[in-house]
Every structure is written in structure tokens, then in C-alpha cells.
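What's in work.cif: mmCIF, C-alpha atoms and all ligand atoms
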data_coords
#
loop_
_atom_site.group_PDB
_atom_site.id
_atom_site.type_symbol
_atom_site.label_atom_id
_atom_site.label_comp_id
_atom_site.auth_asym_id
_atom_site.auth_seq_id
_atom_site.Cartn_x
_atom_site.Cartn_y
_atom_site.Cartn_z
ATOM 1 C CA MET A 17 -30.304 -12.396 26.237
ATOM 2 C CA LYS A 18 -29.517 -13.721 22.745
ATOM 3 C CA THR A 19 -28.343 -17.293 22.373
ATOM 4 C CA PHE A 20 -25.188 -18.458 20.640
ATOM 5 C CA ASP A 21 -27.401 -19.906 17.857
ATOM 6 C CA GLU A 22 -28.840 -16.449 17.176
ATOM 7 C CA VAL A 23 -25.336 -15.034 16.964
ATOM 8 C CA VAL A 24 -24.338 -17.819 14.542
ATOM 9 C CA ALA A 25 -27.396 -17.058 12.394
ATOM 10 C CA PHE A 26 -26.267 -13.449 12.067
ATOM 11 C CA HIS A 27 -22.600 -14.242 11.450
ATOM 12 C CA GLY A 28 -23.174 -17.047 8.946
ATOM 13 C CA HIS A 29 -21.100 -19.769 10.586
ATOM 14 C CA ALA A 30 -19.997 -21.047 13.967
ATOM 15 C CA CYS A 31 -16.319 -20.443 14.712
ATOM 16 C CA PRO A 32 -14.061 -20.103 17.769
ATOM 17 C CA GLY A 33 -13.698 -16.342 17.290
ATOM 18 C CA LEU A 34 -17.449 -15.890 17.374
ATOM 19 C CA ALA A 35 -17.678 -18.019 20.514
ATOM 20 C CA LEU A 36 -15.052 -15.824 22.203
ATOM 21 C CA GLY A 37 -16.984 -12.686 21.258
ATOM 22 C CA TYR A 38 -20.139 -14.280 22.624
ATOM 23 C CA ARG A 39 -18.473 -14.952 25.971
ATOM 24 C CA VAL A 40 -17.100 -11.406 26.120
ATOM 25 C CA ALA A 41 -20.496 -9.869 25.386
ATOM 26 C CA LEU A 42 -22.274 -12.159 27.830
ATOM 27 C CA TYR A 43 -19.882 -11.174 30.581
ATOM 28 C CA ALA A 44 -20.138 -7.471 29.818
ATOM 29 C CA LEU A 45 -23.942 -7.537 29.778
ATOM 30 C CA LYS A 46 -24.029 -9.467 33.036
ATOM 31 C CA LYS A 47 -21.775 -6.928 34.705
ATOM 32 C CA LEU A 48 -23.121 -3.766 33.131
ATOM 33 C CA ALA A 49 -26.742 -4.999 32.942
ATOM 34 C CA GLY A 50 -28.896 -4.538 29.915
ATOM 35 C CA ARG A 51 -28.739 -4.025 26.202
ATOM 36 C CA ALA A 52 -28.228 -0.614 24.599
ATOM 37 C CA SER A 53 -31.462 0.779 23.264
ATOM 38 C CA ASP A 54 -29.901 4.070 22.240
ATOM 39 C CA GLU A 55 -26.359 5.227 22.878
ATOM 40 C CA GLU A 56 -26.053 4.501 26.557
ATOM 41 C CA LEU A 57 -23.822 1.453 26.157
ATOM 42 C CA VAL A 58 -20.693 1.896 24.075
ATOM 43 C CA ALA A 59 -18.306 -0.826 22.935
ATOM 44 C CA ILE A 60 -14.740 -0.212 21.888
ATOM 45 C CA VAL A 61 -13.268 -3.163 20.003
ATOM 46 C CA GLU A 62 -9.563 -3.426 19.246
ATOM 47 C CA ASN A 63 -9.800 -5.822 16.291
ATOM 48 C CA ASN A 64 -12.215 -6.601 13.466
ATOM 49 C CA SER A 65 -12.421 -10.373 13.854
ATOM 50 C CA CYS A 66 -15.467 -12.680 13.895
ATOM 51 C CA ALA A 67 -15.819 -11.903 17.610
ATOM 52 C CA VAL A 68 -17.047 -8.397 16.874
ATOM 53 C CA ASP A 69 -20.172 -9.751 15.178
ATOM 54 C CA ALA A 70 -21.106 -11.479 18.418
ATOM 55 C CA VAL A 71 -20.518 -8.256 20.333
ATOM 56 C CA GLN A 72 -22.812 -6.352 17.969
ATOM 57 C CA VAL A 73 -25.667 -8.862 18.076
ATOM 58 C CA MET A 74 -25.494 -9.398 21.817
ATOM 59 C CA THR A 75 -25.018 -5.857 23.064
ATOM 60 C CA GLY A 76 -26.802 -3.803 20.424
ATOM 61 C CA CYS A 77 -23.642 -1.735 20.036
ATOM 62 C CA THR A 78 -23.334 -1.568 16.275
ATOM 63 C CA PHE A 79 -21.034 0.026 13.764
ATOM 64 C CA GLY A 80 -23.905 1.844 12.090
ATOM 65 C CA LYS A 81 -25.271 3.358 15.292
ATOM 66 C CA GLY A 82 -21.876 4.712 16.216
ATOM 67 C CA ASN A 83 -21.786 3.050 19.631
ATOM 68 C CA LEU A 84 -19.326 0.454 18.390
ATOM 69 C CA ILE A 85 -15.902 1.979 18.014
ATOM 70 C CA PHE A 86 -13.191 0.145 16.129
ATOM 71 C CA LYS A 87 -9.576 0.686 17.065
ATOM 72 C CA ASP A 88 -7.274 -1.140 14.699
ATOM 73 C CA TYR A 89 -4.822 -2.408 17.313
ATOM 74 C CA GLY A 90 -4.979 -6.113 16.491
ATOM 75 C CA LYS A 91 -5.719 -6.938 20.137
ATOM 76 C CA GLN A 92 -8.367 -9.198 21.607
ATOM 77 C CA VAL A 93 -9.528 -6.414 23.885
ATOM 78 C CA TYR A 94 -13.086 -5.155 24.330
ATOM 79 C CA THR A 95 -14.106 -2.205 26.456
ATOM 80 C CA PHE A 96 -17.710 -1.522 27.349
ATOM 81 C CA LEU A 97 -18.842 1.630 29.035
ATOM 82 C CA ARG A 98 -21.939 3.514 29.982
ATOM 83 C CA ARG A 99 -22.552 6.995 28.725
ATOM 84 C CA PRO A 100 -22.520 9.491 30.393
ATOM 85 C CA SER A 101 -21.147 8.007 33.664
ATOM 86 C CA GLY A 102 -18.124 6.368 32.035
ATOM 87 C CA ASP A 103 -18.568 3.305 34.227
ATOM 88 C CA GLY A 104 -17.043 0.493 32.350
ATOM 89 C CA ILE A 105 -15.274 -2.757 31.983
ATOM 90 C CA ARG A 106 -12.234 -3.710 29.940
ATOM 91 C CA ILE A 107 -12.093 -7.319 28.859
ATOM 92 C CA SER A 108 -8.971 -8.863 27.435
ATOM 93 C CA ILE A 109 -9.229 -12.384 26.038
ATOM 94 C CA ASP A 110 -6.455 -14.583 27.307
ATOM 95 C CA TRP A 111 -7.243 -18.070 26.148
ATOM 96 C CA GLN A 112 -4.880 -20.774 25.070
ATOM 97 C CA PRO A 113 -6.399 -23.359 22.740
ATOM 98 C CA PRO A 114 -5.402 -26.924 23.607
ATOM 99 C CA GLU A 115 -2.306 -28.318 21.946
ATOM 100 C CA GLU A 116 -3.061 -29.888 18.553
ATOM 101 C CA THR A 117 -2.403 -33.561 18.093
ATOM 102 C CA GLY A 118 0.126 -34.566 15.440
ATOM 103 C CA GLN A 119 -2.726 -35.870 13.321
ATOM 104 C CA GLU A 120 -4.644 -32.589 13.601
ATOM 105 C CA ARG A 121 -1.597 -30.578 12.616
ATOM 106 C CA LYS A 122 -0.973 -32.822 9.599
ATOM 107 C CA MET A 123 -4.586 -32.448 8.469
ATOM 108 C CA TRP A 124 -4.473 -28.681 8.925
ATOM 109 C CA VAL A 125 -1.361 -28.434 6.727
ATOM 110 C CA ARG A 126 -3.118 -30.506 4.053
ATOM 111 C CA TYR A 127 -6.195 -28.267 4.340
ATOM 112 C CA MET A 128 -4.109 -25.104 3.938
ATOM 113 C CA LYS A 129 -2.504 -26.599 0.838
ATOM 114 C CA GLY A 130 -5.964 -26.965 -0.689
ATOM 115 C CA ASP A 131 -6.773 -30.577 0.195
ATOM 116 C CA HIS A 132 -10.517 -30.423 0.874
ATOM 117 C CA SER A 133 -11.147 -34.156 0.873
ATOM 118 C CA VAL A 134 -13.853 -35.574 3.139
ATOM 119 C CA LYS A 135 -11.271 -36.896 5.597
ATOM 120 C CA VAL A 136 -9.435 -33.577 5.912
ATOM 121 C CA LEU A 137 -12.626 -31.528 6.167
ATOM 122 C CA ALA A 138 -14.007 -33.827 8.864
ATOM 123 C CA MET A 139 -10.878 -33.373 10.979
ATOM 124 C CA VAL A 140 -10.761 -29.604 10.515
ATOM 125 C CA HIS A 141 -14.446 -29.380 11.394
ATOM 126 C CA SER A 142 -14.173 -31.540 14.500
ATOM 127 C CA ARG A 143 -11.169 -29.542 15.728
ATOM 128 C CA LYS A 144 -13.158 -26.341 15.266
ATOM 129 C CA MET A 145 -16.226 -27.713 17.054
ATOM 130 C CA LYS A 146 -14.056 -28.933 19.907
ATOM 131 C CA LYS A 147 -12.608 -25.422 20.351
ATOM 132 C CA ILE A 148 -16.064 -23.828 20.237
ATOM 133 C CA GLY A 149 -17.303 -26.270 22.877
ATOM 134 C CA LEU A 150 -14.352 -25.504 25.141
ATOM 135 C CA ILE A 151 -14.872 -21.756 24.815
ATOM 136 C CA LEU A 152 -18.611 -21.919 25.479
ATOM 137 C CA ASN A 153 -18.090 -24.060 28.579
ATOM 138 C CA ALA A 154 -14.975 -22.452 30.055
ATOM 139 C CA LYS A 155 -15.089 -20.458 33.279
ATOM 140 C CA ASP A 156 -14.891 -16.678 32.874
ATOM 141 C CA THR A 157 -11.508 -16.697 34.613
ATOM 142 C CA GLU A 158 -10.120 -19.186 32.077
ATOM 143 C CA LEU A 159 -10.950 -16.870 29.181
ATOM 144 C CA LEU A 160 -11.065 -13.287 30.310
ATOM 145 C CA THR A 161 -8.867 -10.795 32.104
ATOM 146 C CA ILE A 162 -11.028 -8.056 33.562
ATOM 147 C CA ARG A 163 -10.459 -4.497 34.638
ATOM 148 C CA ARG A 164 -13.316 -2.417 35.969
ATOM 149 C CA GLY A 165 -13.550 1.294 36.532
ATOM 150 C CA LYS A 166 -14.079 4.659 34.946
ATOM 151 C CA MET A 167 -13.288 4.670 31.260
ATOM 152 C CA ILE A 168 -12.493 7.553 28.976
ATOM 153 C CA LEU A 169 -15.611 8.436 27.029
ATOM 154 C CA PRO A 170 -15.216 8.528 23.280
ATOM 155 C CA VAL A 171 -16.506 11.613 21.519
ATOM 156 C CA GLU A 172 -20.171 11.360 20.485
ATOM 157 C CA ALA A 173 -20.878 10.542 16.863
ATOM 158 C CA ARG A 174 -21.544 13.775 15.012
ATOM 159 C CA ILE A 175 -23.269 14.560 11.775
ATOM 160 C CA TYR A 176 -20.993 16.429 9.427
ATOM 161 C CA PRO A 177 -21.874 18.335 6.265
ATOM 162 C CA SER A 178 -21.035 16.745 2.934
ATOM 163 C CA ILE A 179 -19.072 18.308 0.145
ATOM 164 C CA ARG A 180 -18.695 17.070 -3.405
ATOM 165 C CA CYS A 181 -15.372 15.527 -4.456
ATOM 166 C CA ALA A 182 -13.782 17.610 -7.223
ATOM 167 C CA VAL A 183 -12.564 14.476 -9.022
ATOM 168 C CA CYS A 184 -15.250 11.738 -8.868
ATOM 169 C CA GLY A 185 -18.189 13.998 -8.042
ATOM 170 C CA GLU A 186 -19.386 11.772 -5.191
ATOM 171 C CA LYS A 187 -20.370 13.262 -1.871
ATOM 172 C CA VAL A 188 -18.010 12.942 1.051
ATOM 173 C CA MET A 189 -18.228 13.895 4.722
ATOM 174 C CA GLU A 190 -16.262 17.112 5.073
ATOM 175 C CA PRO A 191 -13.729 16.058 7.765
ATOM 176 C CA ARG A 192 -12.717 13.119 5.539
ATOM 177 C CA ALA A 193 -12.038 15.256 2.488
ATOM 178 C CA ARG A 194 -8.455 16.050 1.490
ATOM 179 C CA VAL A 195 -7.185 19.187 -0.184
ATOM 180 C CA THR A 196 -5.047 18.834 -3.259
ATOM 181 C CA GLU A 197 -4.102 21.726 -5.548
ATOM 182 C CA GLY A 198 -6.701 23.839 -3.821
ATOM 183 C CA LYS A 199 -9.503 21.346 -4.478
ATOM 184 C CA MET A 200 -11.459 19.207 -2.019
ATOM 185 C CA VAL A 201 -11.307 15.545 -2.979
ATOM 186 C CA CYS A 202 -12.312 12.239 -1.360
ATOM 187 C CA ILE A 203 -9.666 9.912 0.094
ATOM 188 C CA PRO A 204 -9.751 7.316 -2.759
ATOM 189 C CA CYS A 205 -9.274 10.070 -5.339
ATOM 190 C CA PHE A 206 -6.578 11.696 -3.187
ATOM 191 C CA GLU A 207 -4.693 8.419 -2.982
ATOM 192 C CA LYS A 208 -4.893 7.891 -6.758
ATOM 193 C CA GLU A 209 -3.116 11.209 -7.397
HETATM 194 ZN ZN ZN B 1 -16.329 -16.527 11.958
HETATM 195 ZN ZN ZN B 2 -13.514 11.318 -5.349
#
Could you rewrite the structure in this file as C-alpha cells?
Ligand SMILES: [Zn+2]
Ligand SMILES: [Zn+2]
Amino acid sequence: MKTFDEVVAFHGHACPGLALGYRVALYALKKLAGRASDEELVAIVENNSCAVDAVQVMTGCTFGKGNLIFKDYGKQVYTFLRRPSGDGIRISIDWQPPEETGQERKMWVRYMKGDHSVKVLAMVHSRKMKKIGLILNAKDTELLTIRRGKMILPVEARIYPSIRCAVCGEKVMEPRARVTEGKMVCIPCFEKE
């Protein structure tokens, strides 16, 4: 199992979102046992926050391999399932960070207004580290709402033929091409029309 430090090394910084993703992935791996070596474990993530980096590093479900599926729902929900059985787990993060002190709120406002003085940065940093510590040490039940069962299997990643965009000349996967005035074009060129 990867450590939180390894996840931080991949992501580039430690942050509360990453810590939440780490806890989600840890829980899923514990319950579903094992890391995906091919496509057997699939993750469906409903946001594209820092947390998703932790999910990728920990579970081996990655965007490039096609066993990480991104649904742009803006929800802190992560579903993991086994292919082909469909056995899975749906994890919804339900965590309330502790109330900020008046001082913390004041410093945060100053930070957002561009005040990056030593004093402000120190407070923002310590608030962040405090949150990370709380997340890493919380009980599963304090962070996660779990549903287990059979999940709907997403369609397997397929390899599609490429065509050449009639406007920019770059290659594009056929199902993503658009037709305009009888010509096949890529989405950026289509949207420029
Ligand atoms: Zn982050
Ligand atoms: Zn084009």
C-alpha cells in the first residue's frame, strides 16, 4: 500500500483534498482488496479535485489506462468496482471541517486579497496542516458514507479509428469528430465556426 508521502510526491503538495482522496482509496482497497494491475478495478470519480490524484496513485486506476472514469458532477463521490463481476463500493465524502477561529478567517481574507506576508502564510499553512491531520486520523465513519453492492459496469475503453480534421489537419478520434457543411472537423475547430 502506498503511503500518504508517496501520494504527496506525485501530486506536488499536501492538501486536505489529497488527504480525503487518500482515505477514500485506502478504504476502497481495504474492502475490495488489491491494486489494479490491468483493468479489473475501475474507479468512477465525480469531480476532478486534488483527491483524484490520490485515487490514481493508490489504486492504479488512471485516466490514461481508461479505468478511471470522470463524471463531471461536482460531487465528492467515488465508486470502485471490479470487472467483470460488478462488485463494488460507492463512497461519498461527508466531512465537516472544524469551525474556523475569527483569527483564521481574518487571515484567510487577507490571503485571498493577495497578502502573502510571513504572518498570513504561517496561519494559512497551519490551518491547512491541521485539516490534513484531522482527515488522516479520523475514523472511516466520520469521513465516509458507504454503499456496497452490484454496480453498473461502464463500457470498456475502445480503440477508435482516427480521421483528419478538414480545418486544422490534425488527427481526431472518429466518434469525437463533428460534421459541418459536409466536412468532418475536430471539436475545437467546430466550436470556432
Ligand atoms: Zn492539492
Ligand atoms: Zn481541427
Give the residues close to ligand ZN 1 (chain B), within 12 Å, counting all atoms listed in the file; write them as JSON, numbers by chain.
{"A": [23, 24, 25, 26, 27, 28, 29, 30, 31, 32, 33, 34, 35, 36, 37, 38, 64, 65, 66, 67, 68, 69, 70, 144, 148]}
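Take CA of Trp111 (chain A) and CA of Phe96 (chain A): the distance between them is 19.6 Å.
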Could you list, as a tab-separated table (two decimals) with C-alpha atoms, in the frame of the given file, all protein and nucleic acid residues with an atom at most 7 Å from ligand ZN 2 (chain B), counting all atoms listed in the file?
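The result, stored in selection_19.tsv:
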chain	number	residue	atom	x	y	z
A	181	CYS	CA	-15.37	15.53	-4.46
A	182	ALA	CA	-13.78	17.61	-7.22
A	183	VAL	CA	-12.56	14.48	-9.02
A	184	CYS	CA	-15.25	11.74	-8.87
A	185	GLY	CA	-18.19	14.00	-8.04
A	186	GLU	CA	-19.39	11.77	-5.19
A	201	VAL	CA	-11.31	15.54	-2.98
A	202	CYS	CA	-12.31	12.24	-1.36
A	203	ILE	CA	-9.67	9.91	0.09
A	204	PRO	CA	-9.75	7.32	-2.76
A	205	CYS	CA	-9.27	10.07	-5.34
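Using all atoms listed in the file, the residues found no farther than 10 Å from Tyr89 (chain A), other than those of its own chain fewer than 2 positions away, are A:Val61, A:Glu62, A:Asn63, A:Asn64, A:Phe86, A:Lys87, A:Lys91, A:Gln92, A:Val93.
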For the PyMOL selection byres (((chain A and resi 193) around 10) and not hetatm), applied here, can you spell out every residue it catches as a PyMOL selection string?
chain A and resi 178-181+187-192+194-196+199-206
Pick from A:Met123, A:Leu84, A:Ile175, A:Ile107, whichever lies nearest to Val40 (chain A) using all atoms listed in the file:
A:Ile107
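Note that CA of Gly165 (chain A) and CA of Gly102 (chain A) are 8.2 Å apart.
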